[in-house]
file coords-v1.txt (compact mmCIF, C-alpha atoms and all ligand atoms)
# COMPACT_ATOMS: atom_id res chain seq x y z
CA MET A 295 22.50 -52.77 8.29
CA PRO A 296 20.80 -53.90 11.54
CA ASP A 297 17.90 -56.31 11.25
CA LEU A 298 14.66 -54.35 11.53
CA ALA A 299 12.88 -57.43 12.84
CA ILE A 300 14.82 -57.38 16.12
CA ARG A 301 14.58 -53.63 16.62
CA GLU A 302 12.43 -52.88 19.63
CA ASN A 303 10.77 -49.49 20.04
CA SER A 304 12.22 -47.88 23.17
CA LEU A 305 8.73 -46.79 24.23
CA GLY A 306 6.95 -50.11 23.70
CA ARG A 307 6.66 -51.12 27.34
CA LEU A 308 5.70 -47.64 28.54
CA ALA A 309 3.08 -47.35 25.82
CA SER A 310 1.35 -50.61 26.68
CA ALA A 311 0.86 -49.39 30.26
CA ALA A 312 -0.10 -45.79 29.32
CA ARG A 313 -3.05 -44.27 31.14
CA THR A 314 -5.99 -42.91 29.18
CA ILE A 315 -6.14 -39.19 29.95
CA PRO A 316 -8.17 -37.57 27.14
CA ALA A 317 -6.97 -34.03 27.93
CA ALA A 318 -3.40 -35.10 27.10
CA MET A 319 -2.98 -38.46 25.41
CA LEU A 320 0.40 -40.16 24.91
CA THR A 321 0.58 -42.48 21.89
CA VAL A 322 3.58 -44.14 20.25
CA LEU A 323 3.92 -43.34 16.53
CA PRO A 324 4.71 -46.11 14.05
CA ASP A 325 8.34 -46.75 13.10
CA ALA A 326 9.54 -44.84 10.08
CA ALA A 327 12.45 -44.62 7.69
CA LYS A 328 14.33 -41.42 8.55
CA LEU A 329 17.07 -39.87 6.44
CA LEU A 330 18.99 -36.77 7.38
CA PHE A 331 19.79 -34.70 4.30
CA ARG A 332 22.22 -31.80 4.21
CA GLY A 333 23.19 -30.14 0.98
CA ARG A 334 24.25 -27.12 -1.00
CA PRO A 335 21.42 -25.02 -2.48
CA SER A 336 21.97 -26.67 -5.89
CA SER A 337 21.12 -30.12 -4.47
CA ILE A 338 17.88 -29.17 -2.67
CA ASP A 339 15.61 -29.39 -5.72
CA ALA A 340 16.98 -32.80 -6.65
CA ALA A 341 16.43 -34.10 -3.12
CA GLY A 342 12.85 -32.84 -3.09
CA LYS A 343 12.09 -34.37 -6.49
CA ALA A 344 13.54 -37.73 -5.47
CA PHE A 345 11.65 -37.74 -2.18
CA GLY A 346 8.39 -36.58 -3.76
CA ILE A 347 8.00 -33.48 -1.61
CA ALA A 348 9.55 -30.08 -2.31
CA LEU A 349 11.76 -29.43 0.74
CA PRO A 350 10.35 -26.52 2.78
CA MET A 351 12.58 -23.46 2.47
CA GLU A 352 10.83 -21.50 5.19
CA ALA A 353 12.52 -21.97 8.58
CA CYS A 354 10.88 -24.40 11.03
CA ARG A 355 8.23 -25.77 8.68
CA PHE A 356 7.36 -29.26 7.48
CA ALA A 357 5.52 -30.56 4.43
CA THR A 358 3.59 -33.82 4.31
CA SER A 359 2.33 -35.91 1.42
CA GLY A 360 0.81 -39.31 2.20
CA ASN A 361 3.14 -41.21 4.53
CA ARG A 362 6.11 -38.95 3.78
CA THR A 363 7.15 -35.76 5.56
CA ALA A 364 10.07 -33.38 5.00
CA TYR A 365 11.04 -31.43 8.13
CA TRP A 366 13.17 -28.25 7.95
CA LEU A 367 15.81 -28.57 10.68
CA GLY A 368 18.36 -25.97 9.61
CA PRO A 369 19.11 -23.71 6.62
CA ASP A 370 20.80 -26.62 4.84
CA GLU A 371 19.37 -29.55 6.78
CA TRP A 372 16.15 -31.59 6.49
CA LEU A 373 14.78 -34.78 8.03
CA LEU A 374 13.08 -36.93 5.40
CA GLN A 375 10.65 -39.33 7.03
CA ALA A 376 8.64 -42.13 5.46
CA VAL A 377 6.34 -43.99 7.82
CA GLY A 378 6.32 -47.75 7.33
CA GLU A 379 8.91 -47.76 4.55
CA ASP A 380 12.17 -49.66 4.27
CA SER A 381 14.95 -47.16 4.89
CA ALA A 382 17.50 -49.01 2.74
CA ALA A 383 15.30 -48.74 -0.36
CA LEU A 384 14.51 -45.08 0.33
CA PHE A 385 18.18 -44.35 0.89
CA ALA A 386 19.25 -46.09 -2.32
CA GLY A 387 16.72 -44.13 -4.37
CA LEU A 388 17.73 -40.76 -2.97
CA ALA A 389 21.45 -41.51 -3.10
CA ALA A 390 21.16 -42.38 -6.80
CA ALA A 391 19.23 -39.19 -7.54
CA LEU A 392 21.77 -37.09 -5.63
CA ALA A 393 24.91 -38.59 -7.16
CA GLY A 394 27.18 -35.78 -8.32
CA HIS A 395 25.64 -33.24 -5.96
CA SER A 396 27.48 -31.71 -3.01
CA GLN A 397 25.42 -33.18 -0.17
CA SER A 398 25.29 -35.69 2.65
CA LEU A 399 22.61 -38.29 3.31
CA VAL A 400 22.56 -40.33 6.54
CA ASP A 401 20.16 -43.07 7.54
CA VAL A 402 19.09 -42.18 11.11
CA SER A 403 16.01 -44.43 11.22
CA HIS A 404 17.20 -46.30 14.31
CA ARG A 405 18.41 -43.26 16.21
CA SER A 406 15.10 -41.98 17.53
CA ASP A 407 11.56 -43.00 18.40
CA ALA A 408 8.51 -40.79 18.09
CA PHE A 409 5.26 -40.36 19.94
CA ALA A 410 2.27 -38.02 19.92
CA LEU A 411 0.97 -35.84 22.72
CA SER A 412 -2.59 -34.83 21.87
CA GLY A 413 -5.63 -33.29 23.47
CA PRO A 414 -6.87 -29.87 24.62
CA GLN A 415 -4.15 -29.67 27.33
CA ALA A 416 -1.27 -30.93 25.16
CA ALA A 417 0.48 -27.55 24.88
CA TYR A 418 0.07 -26.91 28.60
CA ILE A 419 1.63 -30.27 29.48
CA LEU A 420 4.47 -29.78 26.98
CA ASN A 421 5.34 -26.46 28.58
CA HIS A 422 6.20 -28.28 31.81
CA GLY A 423 9.59 -29.00 30.25
CA CYS A 424 9.76 -26.95 27.05
CA PRO A 425 10.34 -23.16 27.06
CA LEU A 426 8.74 -22.43 23.67
CA ASP A 427 5.66 -20.26 23.28
CA LEU A 428 3.24 -22.92 22.00
CA SER A 429 0.34 -20.59 21.18
CA LEU A 430 -1.03 -21.12 17.66
CA GLN A 431 0.24 -17.64 16.69
CA THR A 432 3.90 -18.39 17.36
CA PHE A 433 3.86 -22.18 16.93
CA PRO A 434 1.27 -22.76 14.17
CA VAL A 435 0.17 -26.02 12.62
CA GLY A 436 2.89 -27.03 10.15
CA MET A 437 5.76 -25.84 12.36
CA CYS A 438 8.63 -28.06 13.47
CA THR A 439 11.84 -27.42 15.37
CA ARG A 440 14.51 -29.00 17.44
CA THR A 441 14.23 -27.76 20.99
CA ILE A 442 14.70 -28.79 24.62
CA PHE A 443 12.41 -30.83 26.81
CA GLY A 444 13.80 -31.12 30.32
CA LYS A 445 17.42 -32.08 29.67
CA ALA A 446 16.83 -33.77 26.32
CA THR A 447 16.93 -32.45 22.77
CA ILE A 448 13.71 -33.28 20.94
CA MET A 449 12.27 -32.57 17.54
CA LEU A 450 8.83 -31.05 18.05
CA SER A 451 6.20 -30.66 15.35
CA ARG A 452 2.54 -29.70 15.28
CA PRO A 453 0.43 -31.51 12.63
CA ALA A 454 -2.89 -30.30 14.11
CA PRO A 455 -3.90 -27.60 16.63
CA GLU A 456 -4.08 -30.06 19.53
CA VAL A 457 -1.55 -32.63 18.33
CA PHE A 458 2.21 -32.50 18.87
CA HIS A 459 4.71 -35.05 17.59
CA ILE A 460 7.85 -35.55 19.64
CA ASP A 461 10.86 -37.31 18.17
CA ALA A 462 13.57 -38.12 20.73
CA TRP A 463 16.78 -40.12 20.55
CA ARG A 464 16.15 -43.67 21.76
CA SER A 465 17.99 -43.41 25.06
CA PHE A 466 16.18 -40.15 25.89
CA ALA A 467 12.70 -41.11 24.67
CA PRO A 468 11.55 -42.93 27.86
CA TYR A 469 12.79 -39.98 29.95
CA VAL A 470 10.77 -37.49 27.88
CA TRP A 471 7.71 -39.76 27.87
CA GLN A 472 7.82 -40.31 31.64
CA LEU A 473 8.28 -36.61 32.44
CA LEU A 474 5.25 -35.80 30.28
CA ASP A 475 3.30 -38.63 31.88
CA GLU A 476 4.12 -37.25 35.33
CA ALA A 477 3.09 -33.74 34.25
CA ARG A 478 -0.31 -34.94 33.00
CA SER A 479 -1.09 -36.71 36.29
CA GLU A 480 -2.89 -33.57 37.45
CA LEU A 481 -5.38 -34.05 34.60
CA ALA A 482 -6.15 -37.69 35.38
CA MET B 254 17.33 -15.96 31.17
CA LEU B 255 18.24 -14.27 27.91
CA LEU B 256 15.93 -14.36 24.92
CA ILE B 257 18.23 -14.78 21.92
CA THR B 258 17.04 -14.26 18.35
CA CYS B 259 18.52 -16.93 16.11
CA PRO B 260 18.84 -15.42 12.58
CA HIS B 261 17.13 -18.55 11.24
CA CYS B 262 14.63 -19.64 13.91
CA GLY B 263 13.66 -16.41 15.68
CA PRO B 264 13.58 -15.68 19.42
CA ARG B 265 14.42 -18.67 21.63
CA ALA B 266 15.30 -19.24 25.26
CA GLU B 267 18.98 -19.05 26.20
CA LEU B 268 19.13 -22.73 27.17
CA GLU B 269 18.78 -23.75 23.51
CA PHE B 270 22.16 -22.11 22.79
CA SER B 271 25.83 -22.57 23.55
CA TYR B 272 28.44 -19.82 23.68
CA GLY B 273 31.33 -19.79 21.20
CA GLY B 274 33.68 -16.99 22.26
CA GLU B 275 34.59 -13.77 20.51
CA ALA B 276 33.50 -13.39 16.87
CA HIS B 277 35.47 -12.28 13.81
CA ILE B 278 38.76 -13.90 14.82
CA ALA B 279 40.12 -15.40 11.63
CA ARG B 280 42.42 -18.39 11.91
CA PRO B 281 45.77 -17.54 10.26
CA ILE B 282 45.96 -19.13 6.81
CA ASP B 283 49.57 -20.25 7.37
CA PRO B 284 50.12 -20.85 11.12
CA THR B 285 53.68 -22.11 10.56
CA GLY B 286 54.62 -18.72 9.16
CA LEU B 287 53.78 -16.94 12.44
CA ASP B 288 56.18 -16.21 15.28
CA ASP B 289 55.24 -17.24 18.82
CA GLU B 290 53.93 -13.80 19.69
CA ALA B 291 51.52 -13.67 16.74
CA TRP B 292 50.37 -17.25 17.34
CA ALA B 293 49.78 -16.58 21.04
CA THR B 294 47.78 -13.48 20.10
CA PHE B 295 45.55 -15.54 17.82
CA LEU B 296 45.07 -18.25 20.46
CA TYR B 297 44.66 -16.28 23.65
CA LYS B 298 44.31 -12.52 23.29
CA ARG B 299 40.75 -11.25 23.20
CA SER B 300 39.33 -7.73 23.21
CA ASN B 301 37.30 -8.21 26.43
CA PRO B 302 35.48 -4.87 26.10
CA LYS B 303 33.37 -3.16 28.71
CA GLY B 304 30.41 -2.51 26.44
CA VAL B 305 29.29 -4.00 23.13
CA HIS B 306 31.01 -7.29 22.36
CA ALA B 307 30.74 -9.32 19.13
CA GLU B 308 30.55 -13.00 19.98
CA ARG B 309 29.67 -16.37 18.47
CA TRP B 310 26.73 -18.41 19.63
CA ARG B 311 25.45 -21.73 18.37
CA HIS B 312 21.77 -22.65 18.24
CA LEU B 313 22.76 -26.08 19.55
CA HIS B 314 19.26 -27.37 20.44
CA GLY B 315 17.64 -25.80 17.37
CA CYS B 316 18.92 -25.35 13.83
CA GLY B 317 22.47 -26.17 14.94
CA ARG B 318 24.01 -23.16 13.19
CA PHE B 319 26.66 -20.77 14.50
CA PHE B 320 25.79 -17.07 14.27
CA ASN B 321 27.00 -13.79 15.75
CA VAL B 322 25.61 -11.68 18.57
CA LEU B 323 26.36 -8.11 19.67
CA ARG B 324 25.92 -8.16 23.44
CA ASP B 325 26.54 -5.40 25.96
CA THR B 326 28.82 -6.83 28.64
CA ILE B 327 27.62 -4.25 31.20
CA SER B 328 23.86 -4.75 30.95
CA ASP B 329 23.77 -8.19 29.22
CA THR B 330 21.49 -6.57 26.63
CA ILE B 331 21.59 -8.26 23.24
CA VAL B 332 21.83 -5.43 20.72
CA THR B 333 21.47 -7.52 17.56
CA THR B 334 22.18 -10.92 16.02
CA TYR B 335 23.35 -11.71 12.47
CA PRO B 336 24.37 -14.76 10.43
CA ALA B 337 27.91 -16.12 10.49
CA GLY B 338 30.00 -14.76 7.66
CA GLN B 339 28.47 -11.27 7.74
CA PRO B 340 30.55 -8.32 8.92
CA ARG B 341 29.87 -6.74 12.28
CA PRO B 342 26.96 -4.29 11.78
CA ALA B 343 27.54 -0.61 12.55
CA LEU B 344 25.59 0.76 15.50
CA PRO B 345 24.21 4.28 15.93
CA SER B 346 26.28 4.56 19.10
CA ASP B 347 29.58 3.60 17.38
CA GLY B 348 32.31 6.18 17.89
CA LYS B 349 30.59 7.89 20.80
CA GLU B 350 32.35 8.00 24.12
CA ASN B 351 30.95 5.65 26.77
CA ALA B 352 28.99 4.00 23.99
CA ARG B 353 26.65 1.28 25.12
ZN ZN C 501 18.26 -21.51 14.92

call {"tool": "encode", "arguments": {"input": "coords-v1.txt", "output": "C-alpha cells"}}
result
Amino acid sequence: MPDLAIRENSLGRLASAARTIPAAMLTVLPDAAKLLFRGRPSSIDAAGKAFGIALPMEACRFATSGNRTAYWLGPDEWLLQAVGEDSAALFAGLAAALAGHSQSLVDVSHRSDAFALSGPQAAYILNHGCPLDLSLQTFPVGMCTRTIFGKATIMLSRPAPEVFHIDAWRSFAPYVWQLLDEARSELA
Amino acid sequence: MLLITCPHCGPRAELEFSYGGEAHIARPIDPTGLDDEAWATFLYKRSNPKGVHAERWRHLHGCGRFFNVLRDTISDTIVTTYPAGQPRPALPSDGKENAR
C-alpha cells in the first residue's frame, strides 16, 4: 500500500495558480478513499449496508450521505467514495461484509483526482469539450456518468445546479483542468 | 455523428462508443471438434448485409457495457438498440423485399 503522506495531488500546482473567474470557478476537491465495487445482484444490498448508503439502482445517479457518496457507473458497477477517510480501513470493512458474495472490490483511491467546476457558466464551459446535453432536464442534479472531455475519459457528476464535479485519472487531470481553464478565459 | 442509445444510459454521442463487430456470433463450445472450414467460418465469415445489420457496440466511455445495435448499412440509421444476451428483435419490415 503506497504511503498516503507522499502522495501529491496531480492538480496541486495548477490549483495554487488558478485564476478567480466567478462565472466558472475551478477548485480542487479534497482527496478521498475510492473503491470500485462490481457485483452480482445478490451482493448489492450487502455492499450498500456495509457502506452506509443504499447503492443507486437507477442508471447514472449518485447518492450522498455525509462525506460518503455511491456513484452508479454501470448496471453492476459503483464507485464508493469517502472524502477524507483511510481507504485501507474502508476496504477492510467492506471486504469483510462481502465475504462469500460473488463480487469484486478494488481500491482505486490513487488512480484519479477530482475538482469542481462551478458558477453560472459552468455547463457552458464544460460543453467546450464534452458532448453531453447539460441542461437540467437531461442532466439533473444527482446525475453522474462517465463520459468524454476532449480526449480524456472523465466521471462527471452534478451535486448542485451550477456545480459539476470532474474526476479524471491522474495523468489526464491536468490536461482536463487546463483545457477548461483555457475555455473560461473568455469569461475573465 | 451518430446518436446511439445505450440501453442503460440513454442517447449519447458516437464518440463515447467503440464498435465490436457483428452480433449473435456464438463461439463454438468445443473448437477442437471443428474442421478447418467450420473454424474459418466462425473466425472470418460475416453476413455483411446491405440493409439492417445486427452488431455489437460497447459504451466504452460510459457504463462500459457491450450491447447490440440494429443499424441500416445503407443509410447509417440506427433502427434500435438492445442489451447483450437478448435475441435480435423482429422488425415490421422483416421478410419484405428490399427491406430497410
Ligand atoms: Zn451506457

call {"tool": "interface_residues", "arguments": {"input": "coords-v1.txt", "of": "chain B", "to": "chain A", "cutoff": "6 Å", "atoms": "only C-alpha atoms", "output": "PyMOL selection string"}}
result
chain B and resi 314-316

call {"tool": "residues_near_ligand", "arguments": {"input": "coords-v1.txt", "ligand": "ligand ZN 501 (chain C)", "cutoff": "7 Å", "atoms": "all atoms listed in the file", "output": "compact mmCIF listing (two decimals) with C-alpha atoms, in the coordinates of the input"}}
result
# COMPACT_ATOMS: atom_id res chain seq x y z
CA GLY A 368 18.36 -25.97 9.61
CA CYS B 259 18.52 -16.93 16.11
CA PRO B 260 18.84 -15.42 12.58
CA HIS B 261 17.13 -18.55 11.24
CA CYS B 262 14.63 -19.64 13.91
CA GLY B 263 13.66 -16.41 15.68
CA HIS B 312 21.77 -22.65 18.24
CA GLY B 315 17.64 -25.80 17.37
CA CYS B 316 18.92 -25.35 13.83
CA GLY B 317 22.47 -26.17 14.94
CA ARG B 318 24.01 -23.16 13.19

call {"tool": "atom_distance", "arguments": {"input": "coords-v1.txt", "atom1": "CA of Asp329 (chain B)", "atom2": "CA of Met254 (chain B)"}}
result
10.3 Å

call {"tool": "atom_distance", "arguments": {"input": "coords-v1.txt", "atom1": "CA of Leu428 (chain A)", "atom2": "CA of Arg309 (chain B)"}}
result
27.5 Å

call {"tool": "residues_around", "arguments": {"input": "coords-v1.txt", "residues": "Gly306 (chain A)", "least_positions_apart": "6", "cutoff": "12 Å", "atoms": "all atoms listed in the file", "output": "ChimeraX atom specification"}}
result
/A:312,320-325,407-409,464,467-468,471

call {"tool": "residues_around", "arguments": {"input": "coords-v1.txt", "residues": "Leu473 (chain A)", "least_positions_apart": "3", "cutoff": "9 Å", "atoms": "all atoms listed in the file", "output": "list in words"}}
result
His422, Gly423, Gly444, Pro468, Tyr469, Val470, Glu476, Ala477 and Arg478 of chain A

call {"tool": "write_last_selection", "arguments": {"input": "coords-v1.txt", "atoms": "C-alpha atoms", "output": "PDB file, keeping the file's coordinate frame"}}
result
ATOM      1  CA  HIS A 422       6.200 -28.280  31.810  1.00  0.00           C
ATOM      2  CA  GLY A 423       9.590 -29.000  30.250  1.00  0.00           C
ATOM      3  CA  GLY A 444      13.800 -31.120  30.320  1.00  0.00           C
ATOM      4  CA  PRO A 468      11.550 -42.930  27.860  1.00  0.00           C
ATOM      5  CA  TYR A 469      12.790 -39.980  29.950  1.00  0.00           C
ATOM      6  CA  VAL A 470      10.770 -37.490  27.880  1.00  0.00           C
ATOM      7  CA  GLU A 476       4.120 -37.250  35.330  1.00  0.00           C
ATOM      8  CA  ALA A 477       3.090 -33.740  34.250  1.00  0.00           C
ATOM      9  CA  ARG A 478      -0.310 -34.940  33.000  1.00  0.00           C
TER      10      ARG A 478
END

call {"tool": "residues_around", "arguments": {"input": "coords-v1.txt", "residues": "Ala318 (chain A)", "least_positions_apart": "4", "cutoff": "8 Å", "atoms": "only C-alpha atoms", "output": "VMD selection string"}}
result
chain A and resid 411 to 416 419 478 481

call {"tool": "atom_distance", "arguments": {"input": "coords-v1.txt", "atom1": "CA of Leu313 (chain B)", "atom2": "CA of Ser271 (chain B)"}}
result
6.1 Å

call {"tool": "residues_around", "arguments": {"input": "coords-v1.txt", "residues": "Tyr272 (chain B)", "least_positions_apart": "3", "cutoff": "9 Å", "atoms": "all atoms listed in the file", "output": "PDB file with C-alpha atoms, keeping the file's coordinate frame"}}
result
ATOM      1  CA  GLU B 308      30.550 -13.000  19.980  1.00  0.00           C
ATOM      2  CA  ARG B 309      29.670 -16.370  18.470  1.00  0.00           C
ATOM      3  CA  TRP B 310      26.730 -18.410  19.630  1.00  0.00           C
ATOM      4  CA  ARG B 311      25.450 -21.730  18.370  1.00  0.00           C
TER       5      ARG B 311
END

call {"tool": "decode", "arguments": {"input": "coords-v1.txt", "residues": "region 467-479 of chain A", "atoms": "N, CA, C and O atoms", "output": "mmCIF file, in the first residue's frame"}}
result
data_model
loop_
_atom_site.group_PDB
_atom_site.id
_atom_site.type_symbol
_atom_site.label_atom_id
_atom_site.label_comp_id
_atom_site.auth_asym_id
_atom_site.auth_seq_id
_atom_site.Cartn_x
_atom_site.Cartn_y
_atom_site.Cartn_z
ATOM 1 N N ALA A 467 -5.724 14.430 -15.554
ATOM 2 C CA ALA A 467 -6.383 15.509 -14.810
ATOM 3 C C ALA A 467 -5.844 16.897 -15.176
ATOM 4 O O ALA A 467 -6.636 17.819 -15.416
ATOM 5 N N PRO A 468 -4.500 17.094 -15.246
ATOM 6 C CA PRO A 468 -4.011 18.428 -15.618
ATOM 7 C C PRO A 468 -4.454 18.840 -17.028
ATOM 8 O O PRO A 468 -4.739 20.011 -17.277
ATOM 9 N N TYR A 469 -4.531 17.873 -17.939
ATOM 10 C CA TYR A 469 -4.993 18.154 -19.303
ATOM 11 C C TYR A 469 -6.438 18.660 -19.298
ATOM 12 O O TYR A 469 -6.772 19.666 -19.928
ATOM 13 N N VAL A 470 -7.299 17.978 -18.541
ATOM 14 C CA VAL A 470 -8.711 18.380 -18.472
ATOM 15 C C VAL A 470 -8.829 19.753 -17.809
ATOM 16 O O VAL A 470 -9.532 20.645 -18.296
ATOM 17 N N TRP A 471 -8.110 19.923 -16.717
ATOM 18 C CA TRP A 471 -8.132 21.208 -15.991
ATOM 19 C C TRP A 471 -7.692 22.346 -16.905
ATOM 20 O O TRP A 471 -8.349 23.393 -16.992
ATOM 21 N N GLN A 472 -6.584 22.141 -17.623
ATOM 22 C CA GLN A 472 -6.026 23.230 -18.433
ATOM 23 C C GLN A 472 -6.916 23.560 -19.631
ATOM 24 O O GLN A 472 -7.036 24.722 -20.017
ATOM 25 N N LEU A 473 -7.552 22.534 -20.215
ATOM 26 C CA LEU A 473 -8.483 22.808 -21.315
ATOM 27 C C LEU A 473 -9.668 23.639 -20.817
ATOM 28 O O LEU A 473 -10.099 24.584 -21.479
ATOM 29 N N LEU A 474 -10.178 23.279 -19.644
ATOM 30 C CA LEU A 474 -11.290 24.049 -19.066
ATOM 31 C C LEU A 474 -10.845 25.464 -18.727
ATOM 32 O O LEU A 474 -11.585 26.430 -18.931
ATOM 33 N N ASP A 475 -9.627 25.576 -18.223
ATOM 34 C CA ASP A 475 -9.119 26.899 -17.851
ATOM 35 C C ASP A 475 -8.984 27.781 -19.090
ATOM 36 O O ASP A 475 -9.296 28.969 -19.065
ATOM 37 N N GLU A 476 -8.543 27.153 -20.197
ATOM 38 C CA GLU A 476 -8.421 27.915 -21.445
ATOM 39 C C GLU A 476 -9.810 28.350 -21.933
ATOM 40 O O GLU A 476 -10.011 29.476 -22.354
ATOM 41 N N ALA A 477 -10.778 27.419 -21.831
ATOM 42 C CA ALA A 477 -12.136 27.723 -22.294
ATOM 43 C C ALA A 477 -12.744 28.881 -21.511
ATOM 44 O O ALA A 477 -13.471 29.709 -22.066
ATOM 45 N N ARG A 478 -12.454 28.979 -20.224
ATOM 46 C CA ARG A 478 -13.086 30.020 -19.400
ATOM 47 C C ARG A 478 -12.357 31.352 -19.505
ATOM 48 O O ARG A 478 -12.791 32.330 -18.876
ATOM 49 N N SER A 479 -11.283 31.418 -20.295
ATOM 50 C CA SER A 479 -10.569 32.688 -20.463
ATOM 51 C C SER A 479 -11.480 33.779 -20.990
ATOM 52 O O SER A 479 -11.329 34.952 -20.647
#
